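So this block is run_10.tsv, TSV, C-alpha atoms:
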chain	number	residue	atom	x	y	z
A	810	VAL	CA	133.22	107.78	87.34
A	811	VAL	CA	131.58	109.75	84.54
A	812	VAL	CA	133.01	112.97	83.15
A	813	ALA	CA	130.62	114.98	80.95
A	814	GLY	CA	131.56	118.05	78.97
A	815	ASN	CA	133.10	119.40	75.79
A	816	LEU	CA	136.05	117.00	75.85
A	817	LYS	CA	137.51	114.69	73.25
A	818	PRO	CA	138.45	111.12	74.26
A	819	ASP	CA	142.12	111.87	73.56
A	820	ASP	CA	142.04	115.37	74.99
A	821	ALA	CA	144.91	116.12	77.35
A	822	ALA	CA	142.46	118.00	79.58
A	823	LEU	CA	140.62	114.75	80.27
A	824	ALA	CA	143.84	113.06	81.37
A	825	ALA	CA	144.59	116.05	83.58
A	826	LEU	CA	141.17	115.76	85.22
A	827	ALA	CA	141.71	112.07	85.86
A	828	ARG	CA	145.11	112.68	87.44
A	829	ALA	CA	143.77	115.54	89.58
A	830	TYR	CA	140.62	113.88	90.87
A	831	LEU	CA	141.17	110.15	90.54
A	832	GLY	CA	144.90	109.99	91.15
A	833	PRO	CA	144.70	110.57	94.93
A	834	LEU	CA	142.13	107.79	95.35
A	835	ALA	CA	143.43	104.49	96.62
A	836	SER	CA	143.50	101.65	94.10
A	837	SER	CA	142.99	97.97	94.79
A	838	LYS	CA	146.73	97.50	94.34
A	839	ASP	CA	147.48	100.09	97.04
A	840	VAL	CA	144.94	98.64	99.46
A	841	GLY	CA	146.49	95.29	100.24
A	842	ALA	CA	144.86	92.36	101.98
A	843	ASP	CA	146.30	93.49	105.31
A	844	HIS	CA	145.01	97.07	105.03
A	845	PRO	CA	142.86	97.81	108.12
A	846	ARG	CA	140.25	99.73	106.08
A	847	ARG	CA	140.12	97.44	103.05
A	848	VAL	CA	136.46	96.57	103.61
A	849	GLU	CA	135.53	100.19	104.34
A	850	PHE	CA	137.10	101.32	101.06
A	851	GLY	CA	134.93	98.78	99.23
A	852	PHE	CA	137.77	96.65	97.87
A	853	ALA	CA	136.67	93.54	99.75
A	854	ARG	CA	133.81	92.18	101.79
A	855	ALA	CA	134.08	91.14	105.40
A	856	ASP	CA	134.49	87.53	104.23
A	857	GLY	CA	137.41	88.51	102.00
A	858	LEU	CA	135.61	88.00	98.69
A	859	ALA	CA	135.36	90.65	95.99
A	860	PRO	CA	132.31	92.93	96.27
A	861	THR	CA	129.36	92.49	93.89
A	862	LYS	CA	126.25	94.48	92.93
A	863	ALA	CA	124.36	92.68	95.70
A	864	ASP	CA	126.55	94.13	98.45
A	865	PRO	CA	125.31	97.76	98.86
A	866	ALA	CA	123.51	98.08	102.18
A	867	PRO	CA	119.85	99.20	102.10
A	868	ILE	CA	119.24	102.63	103.60
A	869	GLY	CA	116.40	101.21	105.70
A	870	ALA	CA	113.84	103.94	104.96
A	871	ARG	CA	110.25	102.78	105.42
A	872	PHE	CA	106.94	104.45	104.70
A	873	PRO	CA	104.54	104.34	107.68
A	874	GLU	CA	102.60	101.07	107.69
A	875	LYS	CA	99.32	102.79	108.59
A	876	GLY	CA	97.82	106.15	107.87
A	877	PRO	CA	96.93	108.83	107.53
A	878	VAL	CA	99.85	110.48	109.35
A	879	ASP	CA	99.59	114.25	109.75
A	880	SER	CA	102.38	116.57	110.82
A	881	VAL	CA	102.45	120.34	111.18
A	882	VAL	CA	105.76	122.21	111.14
A	883	ARG	CA	105.60	125.78	112.40
A	884	VAL	CA	107.88	127.78	110.11
A	885	TRP	CA	107.66	130.79	107.86
A	886	SER	CA	106.88	129.58	104.32
A	887	GLY	CA	108.17	132.82	102.80
A	888	THR	CA	111.62	134.38	102.95
A	889	ALA	CA	112.46	136.74	105.78
A	890	VAL	CA	113.15	139.57	103.33
A	891	THR	CA	110.23	140.01	100.95
A	892	ASP	CA	108.03	142.72	99.51
A	893	ASP	CA	105.08	140.34	99.61
A	894	ASP	CA	103.76	140.36	103.17
A	895	ALA	CA	101.22	137.68	102.23
A	896	ALA	CA	104.08	135.25	101.54
A	897	LEU	CA	104.83	135.16	105.26
A	898	THR	CA	101.32	134.05	106.12
A	899	ARG	CA	100.93	131.23	103.59
A	900	ALA	CA	101.01	127.59	104.46
A	901	ARG	CA	102.47	124.83	102.29
A	902	THR	CA	101.22	121.26	102.36
A	903	GLN	CA	102.72	118.11	100.89
A	904	TRP	CA	100.84	114.82	100.49
A	905	CYS	CA	102.86	111.60	100.12
A	906	PHE	CA	101.64	108.17	99.02
A	907	PRO	CA	103.81	105.02	98.79
A	908	LEU	CA	104.61	103.63	95.34
A	909	ARG	CA	105.81	100.16	94.43
A	910	VAL	CA	106.97	99.60	90.86
A	911	ALA	CA	107.63	95.92	90.16
A	912	GLY	CA	108.63	94.08	87.02
A	913	SER	CA	107.08	91.00	85.47
A	914	GLY	CA	108.36	88.42	83.03
A	915	ASP	CA	109.89	84.97	82.62
A	916	ASP	CA	113.54	86.00	83.12
A	917	ASP	CA	115.64	88.79	84.60
A	918	PRO	CA	116.00	90.88	81.41
A	919	ALA	CA	112.24	90.83	80.87
A	920	MET	CA	111.53	91.76	84.50
A	921	ALA	CA	114.05	94.61	84.47
A	922	ALA	CA	112.62	95.95	81.20
A	923	SER	CA	109.01	95.81	82.43
A	924	ARG	CA	109.99	97.57	85.67
A	925	LEU	CA	111.55	100.35	83.61
A	926	GLU	CA	108.42	100.64	81.46
A	927	GLU	CA	106.18	100.79	84.53
A	928	SER	CA	108.30	103.58	86.03
A	929	VAL	CA	107.95	105.58	82.79
A	930	ARG	CA	104.16	105.22	82.96
A	931	VAL	CA	104.16	106.38	86.59
A	932	GLU	CA	106.23	109.41	85.59
A	933	VAL	CA	103.66	110.39	82.94
A	934	ALA	CA	100.79	109.77	85.38
A	935	ALA	CA	102.40	112.19	87.85
A	936	ARG	CA	102.59	114.86	85.13
A	937	CYS	CA	98.89	114.37	84.36
A	938	LEU	CA	98.09	114.58	88.05
A	939	GLU	CA	99.95	117.88	88.33
A	940	ALA	CA	97.98	119.34	85.42
A	941	ARG	CA	94.65	118.31	86.94
A	942	LEU	CA	95.65	119.57	90.40
A	943	THR	CA	96.73	122.90	88.94
A	944	GLU	CA	93.34	123.35	87.33
A	945	ALA	CA	91.41	122.17	90.39
A	946	LEU	CA	93.39	124.20	92.92
A	947	ARG	CA	94.85	127.24	91.24
A	948	PHE	CA	91.95	128.04	88.92
A	949	ASP	CA	88.96	126.72	90.85
A	950	ALA	CA	90.21	127.64	94.33
A	951	ALA	CA	91.62	131.05	95.19
A	952	GLU	CA	95.01	131.77	96.74
A	953	VAL	CA	96.75	128.52	95.80
A	954	TYR	CA	100.36	128.67	94.61
A	955	GLY	CA	103.11	126.44	93.29
A	956	VAL	CA	101.14	123.24	92.59
A	957	GLY	CA	103.33	120.20	91.93
A	958	ALA	CA	103.20	116.40	91.63
A	959	ARG	CA	106.07	113.97	91.11
A	960	ALA	CA	107.31	110.45	91.69
A	961	SER	CA	110.52	110.04	93.67
A	962	TYR	CA	112.55	106.92	94.40
A	963	ALA	CA	115.00	108.34	96.91
A	964	ILE	CA	113.96	105.72	99.50
A	965	ALA	CA	114.36	102.79	97.08
A	966	GLU	CA	116.58	99.91	98.07
A	967	PRO	CA	119.57	99.17	95.78
A	968	LEU	CA	118.37	97.46	92.61
A	969	THR	CA	120.59	94.44	93.04
A	970	SER	CA	118.44	92.27	90.77
A	971	ALA	CA	115.50	92.46	88.41
A	972	LYS	CA	113.24	90.99	91.10
A	973	VAL	CA	113.76	93.89	93.53
A	974	PRO	CA	110.80	96.31	93.33
A	975	LEU	CA	111.36	100.01	92.94
A	976	ASP	CA	109.84	101.59	96.06
A	977	GLY	CA	109.12	105.29	95.99
A	978	ILE	CA	106.75	108.09	96.87
A	979	LEU	CA	104.11	109.90	94.87
A	980	SER	CA	104.04	113.40	96.31
A	981	MET	CA	101.84	116.43	95.68
A	982	ASP	CA	102.26	119.87	97.18
A	983	CYS	CA	101.00	123.44	96.99
A	984	GLY	CA	101.08	126.73	98.88
A	985	HIS	CA	97.78	128.04	100.20
A	986	ASP	CA	95.86	130.09	102.73
A	987	PRO	CA	96.15	128.27	106.10
A	988	ALA	CA	92.41	128.70	106.63
A	989	LYS	CA	91.69	126.56	103.57
A	990	THR	CA	93.74	123.54	104.63
A	991	ALA	CA	90.76	121.21	105.06
A	992	SER	CA	89.06	122.07	101.77
A	993	ILE	CA	92.30	121.83	99.78
A	994	ASP	CA	93.13	118.50	101.41
A	995	GLY	CA	89.77	117.16	100.23
A	996	ARG	CA	90.30	118.45	96.69
A	997	VAL	CA	93.74	116.84	96.41
A	998	ARG	CA	92.49	113.45	97.56
A	999	ASP	CA	89.47	113.68	95.24
A	1000	VAL	CA	91.69	114.38	92.22
A	1001	LEU	CA	93.95	111.43	93.06
A	1002	ALA	CA	90.96	109.13	93.59
A	1003	ALA	CA	89.52	110.16	90.20
A	1004	HIS	CA	92.82	109.39	88.46
A	1005	VAL	CA	93.02	105.96	90.09
A	1006	ALA	CA	89.39	105.19	89.22
A	1007	ASP	CA	89.17	106.60	85.69
A	1008	GLY	CA	92.63	107.63	84.54
A	1009	PRO	CA	93.60	111.11	83.31
A	1010	ASP	CA	91.73	113.19	80.75
A	1011	ARG	CA	92.92	112.86	77.16
A	1012	ARG	CA	93.79	116.56	77.12
A	1013	ASP	CA	95.97	116.30	80.23
A	1014	LEU	CA	97.72	113.20	78.89
A	1015	ASP	CA	98.55	114.83	75.55
A	1016	ALA	CA	99.90	117.89	77.34
A	1017	ALA	CA	101.97	115.71	79.68
A	1018	LEU	CA	103.53	113.78	76.79
A	1019	ALA	CA	104.39	117.01	74.97
A	1020	ALA	CA	105.94	118.51	78.11
A	1021	ALA	CA	107.96	115.35	78.73
A	1022	LYS	CA	109.32	115.46	75.19
A	1023	ASN	CA	110.33	119.12	75.50
A	1024	ASP	CA	111.91	118.63	78.93
A	1025	HIS	CA	113.92	115.65	77.70
A	1026	ALA	CA	115.19	117.60	74.68
A	1027	GLU	CA	116.36	120.39	76.99
A	1028	ARG	CA	118.09	118.00	79.40
A	1029	LEU	CA	120.01	116.36	76.56
A	1030	ARG	CA	121.92	119.64	76.20
A	1031	THR	CA	123.19	119.67	79.79
A	1032	ASN	CA	126.29	118.02	81.23
A	1033	ALA	CA	124.45	117.24	84.46
A	1034	TYR	CA	121.95	115.03	82.63
A	1035	TRP	CA	124.62	112.95	80.89
A	1036	ALA	CA	126.78	112.61	83.99
A	1037	ALA	CA	123.89	111.36	86.14
A	1038	THR	CA	122.35	109.18	83.41
A	1039	LEU	CA	125.55	107.41	82.40
A	1040	ALA	CA	126.62	106.88	86.01
A	1041	SER	CA	123.26	105.31	86.90
A	1042	THR	CA	123.31	103.18	83.73
A	1043	TYR	CA	126.46	101.43	84.93
A	1044	SER	CA	124.62	100.20	88.03
A	1045	ALA	CA	121.38	99.27	86.26
A	1046	PRO	CA	120.52	95.54	86.35
A	1047	ARG	CA	120.03	95.74	82.57
A	1048	TYR	CA	123.70	96.75	82.06
A	1049	TYR	CA	125.76	93.90	80.64
A	1050	GLY	CA	128.98	95.62	79.60
A	1051	ASP	CA	127.85	97.94	76.80
A	1052	LEU	CA	126.97	101.35	78.20
A	1053	GLY	CA	125.80	102.77	74.86
A	1054	ALA	CA	123.54	99.81	74.14
A	1055	THR	CA	121.96	99.98	77.60
A	1056	TYR	CA	121.27	103.71	77.28
A	1057	ALA	CA	119.87	103.22	73.77
A	1058	GLU	CA	117.56	100.48	75.05
A	1059	THR	CA	116.31	102.76	77.83
A	1060	SER	CA	115.61	105.59	75.38
A	1061	GLN	CA	113.85	103.29	72.92
A	1062	ARG	CA	111.61	101.78	75.58
A	1063	ARG	CA	110.72	105.22	76.94
A	1064	ALA	CA	109.80	106.43	73.43
A	1065	ALA	CA	107.72	103.29	72.81
A	1066	ILE	CA	105.78	103.77	76.08
A	1067	HIS	CA	105.08	107.42	75.23
A	1068	ALA	CA	103.88	106.40	71.75
A	1069	ALA	CA	101.56	103.78	73.23
A	1070	LEU	CA	100.13	106.30	75.70
A	1071	ALA	CA	99.37	108.68	72.82
A	1072	THR	CA	96.77	106.21	71.51
A	1073	ASP	CA	93.15	106.01	72.61
A	1074	ALA	CA	94.08	103.36	75.18
A	1075	GLY	CA	96.49	105.71	76.99
A	1076	PRO	CA	94.20	106.97	79.80
A	1077	GLY	CA	93.10	103.44	80.65
A	1078	VAL	CA	96.72	102.23	80.70
A	1079	LEU	CA	97.67	104.92	83.23
A	1080	ARG	CA	94.58	104.13	85.31
A	1081	ASP	CA	95.66	100.50	85.55
A	1082	THR	CA	99.25	101.55	86.32
A	1083	LEU	CA	98.16	103.67	89.29
A	1084	LYS	CA	95.97	100.84	90.58
A	1085	ARG	CA	98.96	98.47	90.48
A	1086	CYS	CA	101.55	100.83	91.93
A	1087	LEU	CA	99.60	102.82	94.54
A	1088	ASP	CA	98.74	101.27	97.87
A	1089	ASP	CA	95.67	102.06	99.95
A	1090	PRO	CA	95.13	105.87	99.65
A	1091	ARG	CA	94.51	105.95	103.40
A	1092	ARG	CA	98.15	105.05	103.86
A	1093	ARG	CA	99.47	108.55	103.37
A	1094	VAL	CA	101.53	111.24	105.06
A	1095	ARG	CA	100.58	114.90	105.05
A	1096	VAL	CA	103.10	117.52	106.16
A	1097	ARG	CA	102.00	121.12	106.49
A	1098	LEU	CA	104.36	124.05	106.85
A	1099	ALA	CA	102.32	126.63	108.75
A	1100	PRO	CA	103.27	130.13	109.94
A	1101	PRO	CA	104.09	130.34	113.64
A	1102	PRO	CA	101.10	131.44	115.72
A	1103	ARG	CA	101.04	135.13	116.43
A	1104	LEU	CA	101.76	136.13	120.02
A	1105	ARG	CA	99.04	137.96	121.88
A	1106	PRO	CA	99.80	141.47	123.14
A	1107	ALA	CA	102.06	141.55	126.16
A	1108	PHE	CA	101.03	143.40	129.32
A	1109	VAL	CA	103.38	144.61	131.99
A	1110	VAL	CA	102.33	143.67	135.50
A	1111	ALA	CA	104.49	144.75	138.44
A	1112	GLY	CA	107.40	145.30	136.10
A	1113	VAL	CA	107.28	141.75	134.65
A	1114	ALA	CA	106.30	141.17	130.99
A	1115	THR	CA	103.66	138.49	130.65
A	1116	VAL	CA	101.73	137.14	127.67
A	1117	ALA	CA	97.94	137.33	127.89
Write out the structure in this file as structure tokens.
Amino acid sequence: VVVAGNLKPDDAALAALARAYLGPLASSKDVGADHPRRVEFGFARADGLAPTKADPAPIGARFPEKGPVDSVVRVWSGTAVTDDDAALTRARTQWCFPLRVAGSGDDDPAMAASRLEESVRVEVAARCLEARLTEALRFDAAEVYGVGARASYAIAEPLTSAKVPLDGILSMDCGHDPAKTASIDGRVRDVLAAHVADGPDRRDLDAALAAAKNDHAERLRTNAYWAATLASTYSAPRYYGDLGATYAETSQRRAAIHAALATDAGPGVLRDTLKRCLDDPRRRVRVRLAPPPRLRPAFVVAGVATVA
């Protein structure tokens, strides 16, 4: 459990928080060997042994094996109460591509470190992709809104060892005129293909690195960042008992990767990263939120309302 905030280690308020929120939780002493829910509480495995990092059950999420997979959801993309009538007629499309970030090296520490470095490069590549998509869609094509690109690892299996790959999704999305779905779909796939083939432009990469630096500086000032970061550091395969050292190593490796990408070799490095981590571009999922079709005028025949 991580508590983040303006608290001193010996502050009585911290002890009060622990008593209030952790006190009611059952401890291993309270949950004896004969407790019927001992395994459910996580104090033992079904075989009676103590749980380890390898015990969390995978969530079982899988990206479709073949593609493309297209889905249309009929829903208003704008809010019900709005002064912008056009917002109710816009569509929103999201494109998803499977990612696999794997480590390499002669031992577990080296593999875990290289997997971290690869994930940092993918993060920067997604920022570059967003910049290029914004220019290609918002500026070159009319009526395109809210362009975004990001890497997410919500479907990843528990990282129980350095050999487990980090599976995720590279997603891109934007709001647009429903009539332009086909042309915008082609533009998005062309931009991604260009990044995989040639890497990002130097200008986009420099802007992405600057934005990442500013965003990180802002997050350092928030309790939410520290709570999530420290909690996840405890479960990282690179954690060997010193939380501060593990976090410092992560920060140093991230800074080193950003510095390397700032050199002339940066675009080529990201090109090679995308080629390693992205599967066949045809293996993709596209979900489009489209406004419900308008009903045709109703006519009354013999007192019964029918739809023409």
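Interatomic distance, CA of Pro1009 in chain A against CA of Ser961 in chain A: 19.9 Å.
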Residues near Ala960 in chain A, cut-off 8 Å, all atoms listed in the file, skip fewer than 6 positions along chain, as a tab-separated table (two decimals) with C-alpha atoms, in the frame of the given file:
chain	number	residue	atom	x	y	z
A	931	VAL	CA	104.16	106.38	86.59
A	932	GLU	CA	106.23	109.41	85.59
A	935	ALA	CA	102.40	112.19	87.85
A	977	GLY	CA	109.12	105.29	95.99
A	978	ILE	CA	106.75	108.09	96.87
A	979	LEU	CA	104.11	109.90	94.87
A	980	SER	CA	104.04	113.40	96.31
Which range 969-1026 of chain A residues have any atom within 6 Å of an atom of range 1070-1083 of chain A, and for each, what is the nearest pair of atoms with distance in Å to one decimal, counting all atoms listed in the file, rows sorted by chain and number, as a tab-separated table?
residue	atom	partner	partner_atom	distance
A:Val1005	CA	A:Arg1080	CA	5.4
A:Asp1007	CA	A:Arg1080	CA	6.0
A:Gly1008	CA	A:Arg1080	CA	4.1
A:Pro1009	CA	A:Pro1076	CA	5.5
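Remark: for Arg1062 in chain A, the closest of the candidate residues A:Arg930, A:Lys989, A:Arg941, A:Arg959 is A:Arg930 (distances computed over all atoms listed in the file).
Distances from A:Leu968, A:Ala1003, A:Ala1040, A:Ala934 to Ala911 in chain A were compared using all atoms listed in the file, and the smallest one belongs to A:Leu968.
The space separating CA of Ala940 in chain A from CA of Pro974 in chain A comes to 27.5 Å.
Across A:Tyr1043, A:Leu1087, A:Pro873, A:Ala825, the tightest approach to Ala1002 in chain A is made by A:Leu1087 when counting all atoms listed in the file.
If only C-alpha atoms are the atoms counted, then among A:Val882, A:Ala1065, A:Leu1098, A:Ala1057 the closest residue to Val929 in chain A is A:Ala1065.
Across the structure, CA of Ala813 in chain A and CA of Arg1030 in chain A are spaced 11.0 Å apart.
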For Arg1063 in chain A, the nearest of the candidates A:Trp1035, A:Val812, A:Glu926, A:Asp1051, counting only C-alpha atoms: A:Glu926
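Across A:Arg1091, A:Lys1022, A:Lys817, A:His985, the tightest approach to Arg947 in chain A is made by A:His985 when counting only C-alpha atoms.
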Which residues are close to Thr1055 in chain A, i.e. within 9 Å by only C-alpha atoms, leaving aside same-chain residues fewer than 6 positions away? Reply as a PyMOL selection string. chain A and resi 1042-1043+1045+1047-1049
Distance query Gly814 in chain A at most 12 Å, all atoms listed in the file, self and fewer than 5 positions along chain excluded, as a VMD selection string: chain A and resid 820 822 to 823 826 1029 to 1036
Counting all atoms listed in the file, what is within 10 Å of Asp999 in chain A, bar same-chain residues fewer than 5 positions away, as a PyMOL selection string? chain A and resi 942+945+993-994+1004-1005
Requested write-out: C-alpha atoms of the selected residues, as a short mmCIF file (atom, residue, chain, number, x, y, z; two decimals), in the frame of the given file:
data_model
loop_
_atom_site.label_atom_id
_atom_site.label_comp_id
_atom_site.auth_asym_id
_atom_site.auth_seq_id
_atom_site.Cartn_x
_atom_site.Cartn_y
_atom_site.Cartn_z
CA LEU A 942 95.65 119.57 90.40
CA ALA A 945 91.41 122.17 90.39
CA ILE A 993 92.30 121.83 99.78
CA ASP A 994 93.13 118.50 101.41
CA HIS A 1004 92.82 109.39 88.46
CA VAL A 1005 93.02 105.96 90.09
#
Around range 1023-1030 of chain A, fit a box with edges along x, y and z, padding it by 5 Å on each side, then list its centre and edge lengths in Å to one decimal as AutoDock Vina command-line options.
--center_x 116.1 --center_y 118.0 --center_z 77.0 --size_x 21.6 --size_y 14.7 --size_z 14.7
Pro1046 in chain A: which residues within 7 Å, counting all atoms listed in the file, same-chain residues fewer than 2 positions away excluded, as a PyMOL selection string? chain A and resi 921+968-971+1044+1048
